[in-house]
4 protein chains.
Amino acid sequence: MALPAKIVLKPRKKPRQARSQATVDAIFEATIQVLLRDGLPRLTTIRVAERAGASVGTLYQYYPHKEALLFAVLQRHLANVERAITQAAESHHNMPLATMISAVIDALMKVKTGRLEESRALYAVSTELNSREIVREHEQRCRAAIAAMLKTATDAKFRDLDTVVFMLTTAMAGPTRAIIEGGGSATRIRALRGHLRSLCLGYLERQR
Amino acid sequence: MALPAKIVLKPRKKPRQARSQATVDAIFEATIQVLLRDGLPRLTTIRVAERAGASVGTLYQYYPHKEALLFAVLQRHLANVERAITQAAESHHNMPLATMISAVIDALMKVKTGRLEESRALYAVSTELNSREIVREHEQRCRAAIAAMLKTATDAKFRDLDTVVFMLTTAMAGPTRAIIEGGGSATRIRALRGHLRSLCLGYLERQR
Amino acid sequence: MALPAKIVLKPRKKPRQARSQATVDAIFEATIQVLLRDGLPRLTTIRVAERAGASVGTLYQYYPHKEALLFAVLQRHLANVERAITQAAESHHNMPLATMISAVIDALMKVKTGRLEESRALYAVSTELNSREIVREHEQRCRAAIAAMLKTATDAKFRDLDTVVFMLTTAMAGPTRAIIEGGGSATRIRALRGHLRSLCLGYLERQR
Amino acid sequence: MALPAKIVLKPRKKPRQARSQATVDAIFEATIQVLLRDGLPRLTTIRVAERAGASVGTLYQYYPHKEALLFAVLQRHLANVERAITQAAESHHNMPLATMISAVIDALMKVKTGRLEESRALYAVSTELNSREIVREHEQRCRAAIAAMLKTATDAKFRDLDTVVFMLTTAMAGPTRAIIEGGGSATRIRALRGHLRSLCLGYLERQR
DNA sequence: CATGAATGAGGTTTCATTCAT
DNA sequence: TATGAATGAAACCTCATTCAT
C-alpha cells in the first residue's frame with residue numbers, strides 16, 4: 001500500500017438512490033469480512049468488491065481509493081466505541097465514583113468484546129493507516145466525556161483531571177487490547193471486568 | 001507481504017569473515033532506520049540494502065526474506081526489553097511492594113523511552129508480522145520474572161498471582177504505548193512515572 | 001523455473017467479453033512465437049506480453065503463472081496430435097494391417113510436420129515442464145485408439161497388443177523427432193514416410 | 001540460464017597438479033549428483049560447488065561458466081555411449097545381420113540403462129543446452145560405425161545405407177527413451193531387448 | 001451507473017559471476 | 001590457488017487504479 005503524501009480520506013460521493021446505498025453498505029461490510037477472514041495484507045480491492053457482489057469499478061465510484069475504504073471502516077468502529085463511552089458517561093453524572101467507573105467499563109467491554117473480531121482486525125488497520133489524527137480526536141472526545149462525568153462525582157474531586165482521565169482510559173485499554181489480541185476467552189473477559197474496576201478505583205483513590 | 005503457512009524466520013547463514021559481520025550489522029541497522037524514517041509500508045528490501053550501502057543480493061545472503069529481517073529487529077528489541085525487566089525483577093526480591101513496583105516501572109520506562117522511536121516503529125512490525133508467538137513468549141518470561149519477585153514481597157501476598165501480573169503488565173503497557181505512539185514529550189514521560197506507580201500500587205492494594 | 005509441489009496449471013479465469021477473448025488468443029499465439037523465435041530459456045512473461053501487445057498484468061489475469069501458459073500451449077498441441085491420430089485410427093477399423101499403418105503414419109506426419117516448428121519448440125517445453133502426467137495420458141489415449149484399430153485388422157492378430165502398440169508408437173516417434181529436431185528438409189520428410197511403413201510393418205509381421 | 005550469443009564451451013584450463021585434478025573430478029561428479037537429485041532447474045553453481053566440497057570461486061577456475069559444466073557432463077555421457085556403440089560395431093564386422101543387430105542393441109541398452117538416471121537427467125540438459133552440434137557429431141560417429149559394420153554383413157546388402165542406419169538408430173532411440181523417461185522397470189527393460197530386435201530386423205529385411 | 005479488462009510501476013527473490021583477501 | 005562475500009541484472013508476480021463499453 002503505497003502512501004502518497006497527502007490523501008483525501010473522505011468517501012468520494014454520497015449516493016442518493018436506495019440501490020446505491022445498498023451497494024455502499026455491501027462494500028463496507030465486505031471490507032470488514034475480508035479483513036477478518038483474510039487479514040489486512042490480503043485485503044485487495046478486487047477481493048472486497050467480489051465479496052460485496054460488485055465490481056472494482058463500482059467500489060471506486062464510492063471510495064476514491066483503498067485507504068478511504070479502510071478509513072471508513074475504522075471511523076465507524078471508532079464512532080461506535082465513542083457513542084457507547086459518551087452515552088455511559090453522560091448518563092452517569094452526579095453519582096459516586098464507583099458507579100461511574102463501572103458504567104464506563106461496562107460500556108467499553110460491551111462494545112469492544114461484542115465485536116471482538118472487528119476490534120482485533122482494526123488494530124492492524126489503525127496501525128497501518130495514517131490515521132493518528134482521527135484516532136486522537138476520537139480519544140479526546142471520549143476523554144472529554146469522561147472528564148465531564150468525573151467532575152460531577154459526588155464523592156471525589158481531582159486536581160489534574162486531564163492526566164487522570166488519560167491514565168484511566170489508557171490503563172483500561174492495555175488489558176483490554178491484550179485480551180482481544182490474545183483471542184480472549186469468555187471467562188477471561190468476564191474476569192477482566194472486576195480487575196479493571198480495581199485498577200481504576202485503586203488509581204483514582206490515590207489521585208483524589 | 002503475503003505470509004505462507006510456515007516460514008523460517010531465522011537468518012540464513014552466519015557470516016564467517018569479519019567483513020561480512022559488518023555487512024550484517026549494517027543491514028540490521030538500516031532496517032531500523034528505514035522503519036523509522038519511511039515507515040513499514042515503505043520498507044522495501046532494496047531500500048534497506050541501499051541505506052546499508054549494500055546490494056539486495058547481499059541482504060538475501062543473510063536473511064532469507066524480508067520477514068526474517070523484520071523478525072530479527074523485533075527480536076532484538078524484545079530481548080532488550082526483556083533483559084531490563086527481568087534484571088529489575090531479579091534484583092528486587094524480598095523487598096516491600098512499593099520498591100518492587102518502582103523498580104519495574106523505572107526499568108520499563110528507561111528501556112522503552114530510551115529507544116522511543118524504535119519502540120514505536122516496532123509496534124507496527126509486530127502487528128503486521130506473524131509474530132504472535134515470540135511476542136507471547138517474551139511476555140510470559142517477563143511476567144514470570146515479575147511474579148517470582150512479587151512472591152517474595154515482604155508486605156503482601158496475592159491469591160491469583162498470574163492474573164494480577166497480567167493486569168499489572170498490560171495496565172502499564174497501556175499508558176506507555178499511548179505516550180510512545182503519541183510521540184511523548186519529555187515532561188509527559190516524567191509525569192507518567194508517578195502515575196504508573198499509583199496505578200499499580202492502587203490495584204495491588206485491592207488484590208492483596 | 002522452480003516447481004513447487006502442487007501447481008494449478010489451469011487458466012485463471014474465463015474471459016467474458018469478446019475483447020478479452022482476443023487478448024487471450026493473442027497471448028497464446030505470442031507464447032508460441034516467442035518459443036520459436038527466442039527459445040524456452042528466453043521466454044519471459046514480459047516478452048510474451050509485449051509480443052502479444054498486452055501488459056504483464058493482463059497476461060496474469062488469464063494465466064496464473066508462466067507454467068500455466070506453457071502448459072496451455074503444450075496441451076493444445078497434444079490435443080491436435082491426438083485428434084489426428086484417433087481420427088485416423090477410428091476411421092480405419094476392419095482393414096488390412098498395411099492400410100492401417102499407412103493411415104496412422106500419414107496422420108502423424110501430417111500433424112507433426114504441418115506445425116513442424118511448433119512441434120520442435122514443444123519438445124523442450126514438455127521436458128522442462130512438470131507435464132509427465134498429461135503427456136502420458138495423451139499417449140495412452142493415442143495408444144488405446146491404435147490398439148482398438150489393430151484388434152480389428154482383417155489379416156492379423158496379436159498376442160501382447162499393449163506392448164506391440166507401445167513399440168509401434170515409440171518407434172515411430174524416434175525418427176520423427178530426430179527429423180523434426182534436425183530441422184527436417186522436405187525431401188527427408190517425404191522419404192521418411194516409406195521407411196516408417198517398413199519399420200512398422202516389418203515389426204508387426206514378426207509379432208503377429 | 002541466460003544464453004549470450006557466442007559461448008566458449010570448453011573448460012577453462014587444464015589442471016596440472018593432482019590435487020587440482022581431484023577438485024575438477026569432484027565438481028564434475030557433483031554436477032551429475034545435483035542434476036539427479038535436484039533437477040536441472042535447481043542446479044546452481046553454488047549448490048554444485050557445495051556438494052563438491054569446494055567453493056564457487058574454485059568452480060569458476062575450471063569452468064568458465066555454468067554451461068561449460070553441463071557441457072562437460074553431457075560430453076562425457078555421449079562419449080560413453082559412443083564408445084559402447086562403436087566397440088560393439090567394430091567387433092562384429094563380417095557377421096550375419098542378426099548377430100550385428102543384437103550386439104548393437106545389447107551395447108546400447110547396457111550403456112543407457114546402466115546409467116539410467118544419468119541418461120534421464122541428460123535428456124533435459126541436451127534439450128536446454130545449445131548442444132545440437134556435439135550431439136549431431138556424436139550421432140554421426142555412431143552411425144558411421146554402424147554403417148561400416150553393416151557393409152560387411154555376410155547376409156545382406158543395402159542400397160541407401162545412410163538412411164537405413166538413420167532409421168535404425170532413431171527407431172531404437174524411440175522406445176529406449178520412452179522407457180528411460182518413464183522410469184523403466186527392470187522387467188520392461190528386459191522385454192524391450194527382444195522387441196527392439198524384431199523392430200530392427202523386420203525393418204532391415206524390407207530394406208535389403 | 002456498473003462492469004471488468006487492461007495497465008504498469010514496483011515489490012520480492014534468485015543466481016551467475018567477479019574479485020578482494 | 002582457494003575462498004566466499006558481494007554484486008545487480010533480470011525474472012516472476014501483484015494489485016491499486018483507470019476507462020472504454
# chains A, B, ... in the order shown; residues from 1 in each chain; ligands from 1
call {"tool": "residues_around", "arguments": {"residues": "F:DT3", "least_positions_apart": "2", "cutoff": "8 Å", "atoms": "only C-alpha atoms (C1' of nucleotides)", "output": "PyMOL selection string"}}
result
chain D and resi 55+57-58
call {"tool": "residues_around", "arguments": {"residues": "D:Glu139", "least_positions_apart": "3", "cutoff": "9 Å", "atoms": "only C-alpha atoms (C1' of nucleotides)", "output": "list in words"}}
result
Leu78, Glu82, Ile134, Val135, Arg136, Cys142, Arg143, Ala144 and Thr169 of chain D
call {"tool": "atom_distance", "arguments": {"atom1": "atom CA of B:Ser185", "atom2": "atom CA of B:Met100"}}
result
26.0 Å
call {"tool": "residues_around", "arguments": {"residues": "stretch 2-19 of chain E", "least_positions_apart": "2", "cutoff": "9 Å", "atoms": "only C-alpha atoms (C1' of nucleotides)", "output": "VMD selection string"}}
result
(chain A and resid 54 to 58) or (chain B and resid 44 to 45 57 60 65 to 66) or (chain C and resid 15 to 17 19 to 20 54 to 58 61) or (chain D and resid 1 to 2 44 to 46 57 60 65 to 66) or (chain E and resid 21) or (chain F and resid 6 to 7 11 to 14 17 to 18 21)
call {"tool": "residues_around", "arguments": {"residues": "stretch 113-128 of chain C", "least_positions_apart": "6", "cutoff": "7 Å", "atoms": "only C-alpha atoms (C1' of nucleotides)", "output": "PyMOL selection string"}}
result
(chain C and resi 35-36+40+70+74+180-181) or (chain D and resi 124+127)
call {"tool": "write_last_selection", "arguments": {"atoms": "C-alpha atoms", "output": "mmCIF file, in the first residue's frame"}}
result
data_model
loop_
_atom_site.group_PDB
_atom_site.id
_atom_site.type_symbol
_atom_site.label_atom_id
_atom_site.label_comp_id
_atom_site.auth_asym_id
_atom_site.auth_seq_id
_atom_site.Cartn_x
_atom_site.Cartn_y
_atom_site.Cartn_z
ATOM 1 C CA LEU C 35 9.074 -20.030 -28.005
ATOM 2 C CA LEU C 36 10.008 -20.425 -31.634
ATOM 3 C CA LEU C 40 12.346 -21.575 -23.975
ATOM 4 C CA LEU C 70 3.336 -23.158 -21.418
ATOM 5 C CA LEU C 74 1.534 -27.853 -24.822
ATOM 6 C CA ILE C 180 11.947 -32.527 -36.581
ATOM 7 C CA GLU C 181 14.733 -31.584 -34.216
ATOM 8 C CA ALA D 124 16.922 -32.387 -20.157
ATOM 9 C CA THR D 127 17.442 -30.009 -24.711
#
call {"tool": "atom_distance", "arguments": {"atom1": "atom CA of B:His92", "atom2": "atom CA of B:Asp106"}}
result
12.4 Å
call {"tool": "residues_around", "arguments": {"residues": "C:Val73", "least_positions_apart": "5", "cutoff": "9 Å", "atoms": "only C-alpha atoms (C1' of nucleotides)", "output": "PDB file with C-alpha atoms, in the first residue's frame"}}
result
ATOM      1  CA  PHE C  28      -1.434 -17.716 -26.531  1.00  0.00           C
ATOM      2  CA  GLU C  29      -0.081 -17.126 -30.000  1.00  0.00           C
ATOM      3  CA  THR C  31       3.792 -17.625 -26.409  1.00  0.00           C
ATOM      4  CA  ILE C  32       4.300 -19.932 -29.339  1.00  0.00           C
ATOM      5  CA  ALA C  68       0.160 -22.360 -16.979  1.00  0.00           C
ATOM      6  CA  LEU C  78      -1.147 -32.587 -27.781  1.00  0.00           C
ATOM      7  CA  LEU C 122       7.288 -28.083 -27.534  1.00  0.00           C
TER       8      LEU C 122
END
call {"tool": "atom_distance", "arguments": {"atom1": "atom CA of D:Pro96", "atom2": "atom CA of C:Thr170"}}
result
26.7 Å
call {"tool": "select_by_dssp", "arguments": {"residues": "chain C", "states": "alpha helix (DSSP H)", "output": "number ranges by chain"}}
result
C: 18-38, 45-52, 56-62, 66-90, 97-114, 116-128, 132-151, 161-181, 186-207
call {"tool": "residues_around", "arguments": {"residues": "A:Ala30", "least_positions_apart": "6", "cutoff": "7 Å", "atoms": "only C-alpha atoms (C1' of nucleotides)", "output": "list in words"}}
result
Val48, Arg51 and Ala52 of chain A
call {"tool": "residues_around", "arguments": {"residues": "B:Ser91", "least_positions_apart": "5", "cutoff": "10 Å", "atoms": "only C-alpha atoms (C1' of nucleotides)", "output": "number ranges by chain"}}
result
B: 86, 100, 103, 149
call {"tool": "write_last_selection", "arguments": {"atoms": "N, CA and C atoms", "output": "mmCIF file, in the first residue's frame"}}
result
data_model
loop_
_atom_site.group_PDB
_atom_site.id
_atom_site.type_symbol
_atom_site.label_atom_id
_atom_site.label_comp_id
_atom_site.auth_asym_id
_atom_site.auth_seq_id
_atom_site.Cartn_x
_atom_site.Cartn_y
_atom_site.Cartn_z
ATOM 1 N N THR B 86 13.595 -8.310 33.490
ATOM 2 C CA THR B 86 13.982 -9.437 34.346
ATOM 3 C C THR B 86 15.094 -9.046 35.312
ATOM 4 N N MET B 100 9.436 -2.661 44.770
ATOM 5 C CA MET B 100 9.400 -3.553 43.602
ATOM 6 C C MET B 100 8.786 -2.862 42.399
ATOM 7 N N ALA B 103 10.823 -0.227 40.848
ATOM 8 C CA ALA B 103 11.953 -0.776 40.088
ATOM 9 C C ALA B 103 11.509 -1.215 38.698
ATOM 10 N N MET B 149 9.229 -12.271 41.618
ATOM 11 C CA MET B 149 9.582 -11.176 42.513
ATOM 12 C C MET B 149 8.454 -10.900 43.510
#
